[in-house]
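Listing of work_19.cif, mmCIF, C-alpha atoms
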data_upload
loop_
_atom_site.group_PDB
_atom_site.id
_atom_site.type_symbol
_atom_site.label_atom_id
_atom_site.label_comp_id
_atom_site.auth_asym_id
_atom_site.auth_seq_id
_atom_site.Cartn_x
_atom_site.Cartn_y
_atom_site.Cartn_z
ATOM 1 C CA GLN A 1 -87.674 -131.142 199.194
ATOM 2 C CA SER A 2 -89.443 -134.297 200.405
ATOM 3 C CA ALA A 3 -88.107 -137.593 199.153
ATOM 4 C CA LEU A 4 -91.533 -138.984 198.234
ATOM 5 C CA THR A 5 -94.142 -136.931 196.375
ATOM 6 C CA GLN A 6 -97.709 -136.673 197.616
ATOM 7 C CA PRO A 7 -100.516 -134.338 196.582
ATOM 8 C CA ALA A 8 -100.853 -131.467 199.027
ATOM 9 C CA SER A 9 -104.560 -132.019 199.486
ATOM 10 C CA VAL A 10 -107.459 -134.252 198.556
ATOM 11 C CA SER A 11 -111.111 -134.040 199.468
ATOM 12 C CA GLY A 12 -114.230 -136.137 199.358
ATOM 13 C CA SER A 13 -117.749 -136.323 200.676
ATOM 14 C CA PRO A 14 -118.904 -138.713 203.381
ATOM 15 C CA GLY A 15 -119.422 -142.184 201.994
ATOM 16 C CA GLN A 16 -117.200 -141.619 198.978
ATOM 17 C CA SER A 17 -113.794 -143.180 198.298
ATOM 18 C CA ILE A 18 -110.578 -141.262 197.853
ATOM 19 C CA THR A 19 -107.048 -142.267 196.889
ATOM 20 C CA ILE A 20 -103.806 -140.602 197.956
ATOM 21 C CA SER A 21 -100.753 -141.248 195.813
ATOM 22 C CA CYS A 22 -97.127 -141.456 196.893
ATOM 23 C CA THR A 23 -94.562 -141.324 194.109
ATOM 24 C CA GLY A 24 -90.987 -142.379 194.657
ATOM 25 C CA THR A 25 -88.354 -144.000 192.494
ATOM 26 C CA SER A 26 -87.078 -147.398 191.504
ATOM 27 C CA SER A 27 -84.684 -147.066 194.452
ATOM 28 C CA ASP A 28 -87.368 -146.874 197.129
ATOM 29 C CA VAL A 29 -91.126 -147.297 196.517
ATOM 30 C CA GLY A 30 -90.583 -149.340 193.394
ATOM 31 C CA ALA A 31 -87.824 -151.512 194.798
ATOM 32 C CA TYR A 32 -89.162 -152.859 198.080
ATOM 33 C CA ASN A 33 -92.437 -153.987 199.627
ATOM 34 C CA PHE A 34 -91.725 -151.591 202.481
ATOM 35 C CA VAL A 35 -94.206 -148.753 202.056
ATOM 36 C CA SER A 36 -96.166 -147.597 205.081
ATOM 37 C CA TRP A 37 -98.865 -144.990 205.641
ATOM 38 C CA TYR A 38 -99.544 -142.832 208.699
ATOM 39 C CA GLN A 39 -102.562 -140.795 209.757
ATOM 40 C CA GLN A 40 -102.020 -137.660 211.826
ATOM 41 C CA HIS A 41 -104.761 -135.590 213.402
ATOM 42 C CA PRO A 42 -103.924 -132.002 214.425
ATOM 43 C CA GLY A 43 -101.745 -131.878 217.515
ATOM 44 C CA LYS A 44 -101.461 -135.658 217.693
ATOM 45 C CA ALA A 45 -98.756 -138.189 216.974
ATOM 46 C CA PRO A 46 -98.876 -140.122 213.706
ATOM 47 C CA LYS A 47 -100.686 -143.459 213.680
ATOM 48 C CA LEU A 48 -99.679 -146.432 211.525
ATOM 49 C CA MET A 49 -102.472 -147.309 209.077
ATOM 50 C CA ILE A 50 -100.772 -149.522 206.464
ATOM 51 C CA TYR A 51 -97.419 -151.346 206.433
ATOM 52 C CA ASP A 52 -95.571 -153.391 203.821
ATOM 53 C CA VAL A 53 -97.619 -151.750 201.025
ATOM 54 C CA SER A 54 -100.974 -153.319 201.803
ATOM 55 C CA HIS A 55 -101.109 -154.781 205.311
ATOM 56 C CA ARG A 56 -103.336 -153.305 208.001
ATOM 57 C CA PRO A 57 -102.286 -153.375 211.664
ATOM 58 C CA SER A 58 -104.735 -154.852 214.088
ATOM 59 C CA GLY A 59 -107.453 -152.349 214.947
ATOM 60 C CA VAL A 60 -107.262 -150.317 211.741
ATOM 61 C CA SER A 61 -110.535 -150.170 209.826
ATOM 62 C CA ASN A 62 -110.777 -152.252 206.650
ATOM 63 C CA ARG A 63 -111.931 -149.059 204.935
ATOM 64 C CA PHE A 64 -108.209 -148.314 204.597
ATOM 65 C CA SER A 65 -106.271 -150.183 201.939
ATOM 66 C CA GLY A 66 -102.893 -149.843 200.279
ATOM 67 C CA SER A 67 -101.452 -150.799 196.917
ATOM 68 C CA ARG A 68 -98.527 -150.092 194.641
ATOM 69 C CA SER A 69 -97.935 -149.858 190.919
ATOM 70 C CA GLY A 70 -94.406 -149.306 189.763
ATOM 71 C CA ASN A 71 -92.886 -146.403 191.679
ATOM 72 C CA THR A 72 -96.215 -145.127 193.013
ATOM 73 C CA ALA A 73 -97.947 -146.359 196.139
ATOM 74 C CA SER A 74 -101.540 -145.501 196.962
ATOM 75 C CA LEU A 75 -103.726 -145.296 200.026
ATOM 76 C CA THR A 76 -107.436 -145.707 199.426
ATOM 77 C CA ILE A 77 -110.064 -144.806 201.993
ATOM 78 C CA SER A 78 -113.536 -146.063 201.251
ATOM 79 C CA GLY A 79 -116.779 -144.979 202.896
ATOM 80 C CA LEU A 80 -115.270 -141.657 203.981
ATOM 81 C CA GLN A 81 -116.159 -140.537 207.468
ATOM 82 C CA ALA A 82 -115.692 -137.197 209.186
ATOM 83 C CA GLU A 83 -113.104 -138.751 211.525
ATOM 84 C CA ASP A 84 -110.891 -139.570 208.517
ATOM 85 C CA GLU A 85 -110.128 -135.865 208.083
ATOM 86 C CA ALA A 86 -106.408 -135.675 208.858
ATOM 87 C CA ASP A 87 -102.956 -135.472 207.344
ATOM 88 C CA TYR A 88 -101.595 -138.632 205.748
ATOM 89 C CA TYR A 89 -97.927 -139.472 205.205
ATOM 90 C CA CYS A 90 -96.354 -142.252 203.205
ATOM 91 C CA SER A 91 -92.950 -143.688 204.000
ATOM 92 C CA SER A 92 -90.589 -146.113 202.324
ATOM 93 C CA TYR A 93 -87.363 -147.947 202.903
ATOM 94 C CA ARG A 94 -84.703 -146.636 200.545
ATOM 95 C CA SER A 95 -81.386 -148.354 201.132
ATOM 96 C CA SER A 96 -79.190 -150.056 203.704
ATOM 97 C CA THR A 97 -78.044 -146.611 204.843
ATOM 98 C CA THR A 98 -81.064 -144.366 204.224
ATOM 99 C CA ARG A 99 -83.500 -146.553 206.047
ATOM 100 C CA VAL A 100 -86.505 -144.245 206.043
ATOM 101 C CA VAL A 101 -87.911 -141.592 203.730
ATOM 102 C CA PHE A 102 -91.213 -139.784 204.206
ATOM 103 C CA GLY A 103 -93.545 -138.062 201.796
ATOM 104 C CA GLY A 104 -94.521 -134.424 202.066
ATOM 105 C CA GLY A 105 -97.937 -135.267 203.473
ATOM 106 C CA THR A 106 -101.500 -134.930 202.158
ATOM 107 C CA THR A 107 -104.321 -133.126 203.918
ATOM 108 C CA LEU A 108 -107.616 -134.949 203.567
ATOM 109 C CA THR A 109 -110.740 -132.825 203.877
ATOM 110 C CA VAL A 110 -114.113 -134.497 204.313
ATOM 111 C CA LEU A 111 -116.619 -132.098 202.807
ATOM 112 C CA GLN B 1 -99.158 -152.046 226.741
ATOM 113 C CA ILE B 2 -96.499 -150.330 224.667
ATOM 114 C CA THR B 3 -95.731 -146.701 225.401
ATOM 115 C CA LEU B 4 -92.979 -144.274 224.475
ATOM 116 C CA LYS B 5 -92.395 -140.807 225.881
ATOM 117 C CA GLU B 6 -89.963 -138.121 224.815
ATOM 118 C CA SER B 7 -88.296 -135.749 227.241
ATOM 119 C CA GLY B 8 -85.952 -132.859 226.723
ATOM 120 C CA PRO B 9 -85.357 -129.167 227.291
ATOM 121 C CA MET B 10 -88.106 -126.558 227.087
ATOM 122 C CA VAL B 11 -85.949 -124.403 224.814
ATOM 123 C CA VAL B 12 -82.514 -124.605 223.200
ATOM 124 C CA LYS B 13 -80.271 -121.709 222.249
ATOM 125 C CA PRO B 14 -78.639 -121.502 218.809
ATOM 126 C CA THR B 15 -75.302 -123.381 218.599
ATOM 127 C CA GLN B 16 -76.167 -125.478 221.666
ATOM 128 C CA THR B 17 -76.457 -129.279 221.662
ATOM 129 C CA LEU B 18 -79.912 -130.828 222.026
ATOM 130 C CA THR B 19 -80.265 -133.983 224.091
ATOM 131 C CA LEU B 20 -83.545 -135.893 223.906
ATOM 132 C CA THR B 21 -84.470 -139.023 225.829
ATOM 133 C CA CYS B 22 -87.060 -141.580 224.764
ATOM 134 C CA THR B 23 -88.265 -143.721 227.666
ATOM 135 C CA PHE B 24 -90.295 -146.723 226.628
ATOM 136 C CA SER B 25 -92.151 -149.634 228.180
ATOM 137 C CA GLY B 26 -93.942 -152.751 227.036
ATOM 138 C CA PHE B 27 -91.121 -154.028 224.826
ATOM 139 C CA SER B 28 -87.379 -154.610 224.947
ATOM 140 C CA LEU B 29 -84.760 -153.169 222.648
ATOM 141 C CA SER B 30 -82.867 -156.415 223.198
ATOM 142 C CA THR B 31 -85.457 -158.357 221.200
ATOM 143 C CA SER B 32 -84.366 -159.368 217.717
ATOM 144 C CA GLY B 33 -85.834 -157.150 215.007
ATOM 145 C CA VAL B 34 -86.782 -154.256 217.256
ATOM 146 C CA ALA B 35 -85.587 -150.713 216.647
ATOM 147 C CA VAL B 36 -86.351 -147.267 218.020
ATOM 148 C CA GLY B 37 -86.226 -144.206 215.817
ATOM 149 C CA TRP B 38 -86.461 -140.440 216.015
ATOM 150 C CA ILE B 39 -88.603 -138.381 213.661
ATOM 151 C CA ARG B 40 -89.183 -134.636 213.752
ATOM 152 C CA GLN B 41 -91.839 -132.299 212.397
ATOM 153 C CA PRO B 42 -91.354 -128.539 212.102
ATOM 154 C CA PRO B 43 -94.557 -126.567 212.777
ATOM 155 C CA GLY B 44 -96.924 -126.968 209.837
ATOM 156 C CA LYS B 45 -94.483 -129.127 207.908
ATOM 157 C CA ALA B 46 -93.868 -132.765 207.040
ATOM 158 C CA LEU B 47 -92.332 -135.584 209.016
ATOM 159 C CA GLU B 48 -88.564 -136.030 208.702
ATOM 160 C CA TRP B 49 -86.703 -139.164 209.768
ATOM 161 C CA LEU B 50 -83.575 -138.528 211.849
ATOM 162 C CA ALA B 51 -82.082 -141.740 213.241
ATOM 163 C CA LEU B 52 -82.618 -145.409 214.078
ATOM 164 C CA ILE B 53 -81.001 -147.783 216.558
ATOM 165 C CA TYR B 54 -81.545 -151.545 216.366
ATOM 166 C CA TRP B 55 -81.556 -154.319 218.921
ATOM 167 C CA ASP B 56 -78.033 -155.299 217.840
ATOM 168 C CA ASP B 57 -76.813 -151.676 218.289
ATOM 169 C CA ASP B 58 -76.705 -150.991 214.544
ATOM 170 C CA LYS B 59 -77.284 -147.287 213.993
ATOM 171 C CA TYR B 60 -78.512 -145.349 210.973
ATOM 172 C CA TYR B 61 -78.826 -141.639 210.349
ATOM 173 C CA SER B 62 -80.458 -139.296 207.880
ATOM 174 C CA PRO B 63 -77.682 -138.509 205.388
ATOM 175 C CA SER B 64 -78.456 -134.782 205.491
ATOM 176 C CA LEU B 65 -78.052 -134.593 209.295
ATOM 177 C CA GLU B 66 -75.635 -137.421 210.017
ATOM 178 C CA SER B 67 -72.739 -135.160 210.998
ATOM 179 C CA ARG B 68 -74.832 -133.609 213.791
ATOM 180 C CA LEU B 69 -76.618 -136.671 215.197
ATOM 181 C CA THR B 70 -75.739 -139.389 217.689
ATOM 182 C CA ILE B 71 -78.165 -142.089 218.845
ATOM 183 C CA THR B 72 -77.489 -144.381 221.786
ATOM 184 C CA SER B 73 -79.463 -146.788 223.912
ATOM 185 C CA ASP B 74 -79.497 -147.975 227.515
ATOM 186 C CA THR B 75 -81.407 -151.245 227.484
ATOM 187 C CA SER B 76 -81.284 -151.539 231.279
ATOM 188 C CA LYS B 77 -83.229 -148.286 231.560
ATOM 189 C CA ASN B 78 -85.382 -148.810 228.454
ATOM 190 C CA GLN B 79 -84.151 -145.533 227.051
ATOM 191 C CA VAL B 80 -82.871 -144.222 223.734
ATOM 192 C CA VAL B 81 -81.026 -140.906 223.614
ATOM 193 C CA LEU B 82 -80.584 -138.620 220.613
ATOM 194 C CA THR B 83 -78.129 -135.752 220.566
ATOM 195 C CA MET B 84 -78.089 -133.083 217.880
ATOM 196 C CA THR B 85 -75.260 -130.579 217.815
ATOM 197 C CA ASN B 86 -75.115 -126.974 216.642
ATOM 198 C CA MET B 87 -78.830 -126.272 216.908
ATOM 199 C CA ASP B 88 -80.355 -123.577 214.705
ATOM 200 C CA PRO B 89 -83.796 -121.945 214.676
ATOM 201 C CA VAL B 90 -84.677 -124.064 211.613
ATOM 202 C CA ASP B 91 -84.391 -127.102 213.892
ATOM 203 C CA THR B 92 -87.443 -125.926 215.827
ATOM 204 C CA ALA B 93 -89.800 -128.891 215.640
ATOM 205 C CA THR B 94 -91.777 -131.500 217.501
ATOM 206 C CA TYR B 95 -89.490 -134.456 218.024
ATOM 207 C CA TYR B 96 -91.027 -137.925 218.159
ATOM 208 C CA CYS B 97 -89.583 -141.291 219.086
ATOM 209 C CA ALA B 98 -91.223 -144.430 217.761
ATOM 210 C CA ARG B 99 -90.770 -148.184 217.809
ATOM 211 C CA ARG B 100 -89.897 -149.761 214.489
ATOM 212 C CA ILE B 101 -90.769 -153.348 213.643
ATOM 213 C CA GLY B 102 -89.831 -154.459 210.163
ATOM 214 C CA SER B 103 -90.320 -151.466 207.883
ATOM 215 C CA ALA B 104 -92.833 -149.412 209.883
ATOM 216 C CA PHE B 105 -93.110 -147.314 213.018
ATOM 217 C CA ASP B 106 -95.948 -148.997 214.863
ATOM 218 C CA TYR B 107 -95.964 -147.116 218.175
ATOM 219 C CA TRP B 108 -95.199 -143.416 218.631
ATOM 220 C CA GLY B 109 -94.587 -141.161 221.569
ATOM 221 C CA GLN B 110 -96.649 -138.008 222.048
ATOM 222 C CA GLY B 111 -93.801 -135.822 220.838
ATOM 223 C CA THR B 112 -91.963 -132.953 222.456
ATOM 224 C CA LEU B 113 -91.777 -129.451 220.981
ATOM 225 C CA VAL B 114 -88.257 -128.056 220.992
ATOM 226 C CA PRO B 115 -88.022 -124.339 220.189
ATOM 227 C CA VAL B 116 -84.603 -123.034 219.216
ATOM 228 C CA SER B 117 -84.328 -119.421 220.225
ATOM 229 C CA SER B 118 -81.894 -117.030 221.821
#
Output the file's structure as structure tokens, nothing else.
Amino acid sequence: QSALTQPASVSGSPGQSITISCTGTSSDVGAYNFVSWYQQHPGKAPKLMIYDVSHRPSGVSNRFSGSRSGNTASLTISGLQAEDEADYYCSSYRSSTTRVVFGGGTTLTVL
Amino acid sequence: QITLKESGPMVVKPTQTLTLTCTFSGFSLSTSGVAVGWIRQPPGKALEWLALIYWDDDKYYSPSLESRLTITSDTSKNQVVLTMTNMDPVDTATYYCARRIGSAFDYWGQGTLVPVSS
């Protein structure tokens, strides 16, 4: 069982906005500003899209944004494009010993 | 330019020990705040964090696999090595190494698929 809970799949049409949720606990997502999001296309390595809840690395489109409310973090993609179709994973810091936990992943389909 | 590349065996037999090497360039594991981690992904499944090693040689492991994992680094060679003992077919996965800055993995290797089969 994955440590963080994500919906298995979401879908949207080109140009629309979608949001992927990532639910943890008060010991991880809700406790630290250390949530990150990764995009993974089939057969490729994951790519960092959001770090520290809402910060975008250089080169990542501003169509991607992150937020958090309580124990749930969210990734929002606006102006959906065909190239956004991929798997998305959230991750959080949990404790001084369990440094990293991942979500179960969400498959985004652009209709 | 920052790059990481995993290398290891083409196949591992059950009960054997897996040794994976991550060779990186473009950064130093001696720099304060830098870490290198290992993450794996069974076919069709989610990412799973395995281990982290920091610039100061602090090491952290996934609690569920800690008894089987060892992570070490050779800063002179820009390499991080992960060993996993007592391999089982359920350990079949693509194994990635990645640089960690702060709370995120910002650069990833291409991954190496390790089948466990007799």
Checklist line | Evaluate the PyMOL selection byres ((chain A) within 7 of (chain B)) and report residues as a PyMOL selection string | finding: chain A and resi 34+36+44-46+48+51-52+93+97-98+100-102+104-105
Note to self: Please expand the PyMOL selection byres ((chain A and resi 15) around 8) into the concrete residues it hits in this file, giving the result as a VMD selection string.
What the structure shows: chain A and resid 13 to 14 16 to 17 78 to 81
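One finds atom CA of B:Ile53 at 10.0 Å from atom CA of B:Thr70.
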Let me have the centre and edge lengths in Å, one decimal, of the box along x, y and z around every listed atom of stretch 93-99 of chain B with 3 Å of margin on each side, as JSON.
{"center_x": -90.6, "center_y": -138.5, "center_z": 217.4, "size_x": 8.3, "size_y": 25.3, "size_z": 9.4}
Next item on the list: Considering only C-alpha atoms, return as a list in words whatever protein or nucleic-acid residues lie within 10 Å of A:Asn62, sequence-local ones (same chain, fewer than 4 positions apart) excluded.
Entry: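 The residues that qualify are Met49, Arg56, Pro57, Ser58, Ile77 and Ser78 of chain A.
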Starting from the shown file, work through the PyMOL selection byres ((chain A and resi 7-10) around 8) and note down what comes out as a PDB file with C-alpha atoms, keeping the file's coordinate frame.
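Writing the result to result_2.pdb gives the following:
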ATOM      1  CA  THR A   5     -94.142-136.931 196.375  1.00  0.00           C
ATOM      2  CA  GLN A   6     -97.709-136.673 197.616  1.00  0.00           C
ATOM      3  CA  SER A  11    -111.111-134.040 199.468  1.00  0.00           C
ATOM      4  CA  GLY A  12    -114.230-136.137 199.358  1.00  0.00           C
ATOM      5  CA  ILE A  18    -110.578-141.262 197.853  1.00  0.00           C
ATOM      6  CA  ILE A  20    -103.806-140.602 197.956  1.00  0.00           C
ATOM      7  CA  SER A  21    -100.753-141.248 195.813  1.00  0.00           C
ATOM      8  CA  CYS A  22     -97.127-141.456 196.893  1.00  0.00           C
ATOM      9  CA  GLY A 104     -94.521-134.424 202.066  1.00  0.00           C
ATOM     10  CA  GLY A 105     -97.937-135.267 203.473  1.00  0.00           C
ATOM     11  CA  THR A 106    -101.500-134.930 202.158  1.00  0.00           C
ATOM     12  CA  THR A 107    -104.321-133.126 203.918  1.00  0.00           C
ATOM     13  CA  LEU A 108    -107.616-134.949 203.567  1.00  0.00           C
ATOM     14  CA  THR A 109    -110.740-132.825 203.877  1.00  0.00           C
TER      15      THR A 109
END
Check: How many Å separate atom CA of A:Thr25 from atom CA of A:Tyr89?
Finding: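 Separation between atom CA of A:Thr25 and atom CA of A:Tyr89: 16.5 Å.
Counting from atom CA of A:Ser96, the distance to atom CA of A:Val53 is 18.7 Å.
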Item checked: Minimum-distance residue to A:Thr19, chosen among A:Leu111, A:Leu75, A:Ala3, A:Ala86 (using all atoms listed in the file) -> A:Leu75
Check: Quick one: residues within 9 Å of B:Pro89, all atoms listed in the file counted, chain neighbours fewer than 5 positions away excluded, as a VMD selection string?
Finding: chain B and resid 13 to 14 115 to 118
Note to self: Could you check the closest approach to B:Ala35 for each of B:Glu66, B:Asp88, B:Glu6, B:Asp58 and tell me which residue wins, using all atoms listed in the file?
What the structure shows: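 Under the stated criterion, the closest residue is B:Asp58.
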Notebook entry, point to check: Quick one: residues within 7 Å of B:Val34, only C-alpha atoms counted, chain neighbours fewer than 5 positions away excluded, as an NGL selection string?
Noted result: :B and (29 or 54-55 or 100-101)
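Comparing the minimum interatomic distances between B:Arg99 and each of B:Val36, B:Phe27, B:Thr21, B:Thr3, counting only C-alpha atoms, we find that B:Val36 sits nearest.
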Item checked: Polymer residues at most 12 Å from A:Ala31, all atoms listed in the file, same-chain spacing of 4 or more positions, as number ranges by chain -> A: 24-27, 35, 53, 68-73, 92-95
Next item on the list: Would you kindly return, as a list in words, each protein, DNA or RNA residue with an atom no farther than 7 Å from any atom of B:Gln79, considering all atoms listed in the file and excluding same-chain residues fewer than 3 positions away?
Entry: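 Near neighbours after the sequence-gap exclusion: Thr21, Cys22, Thr23, Phe24, Ser73, Asp74 and Thr75 of chain B.
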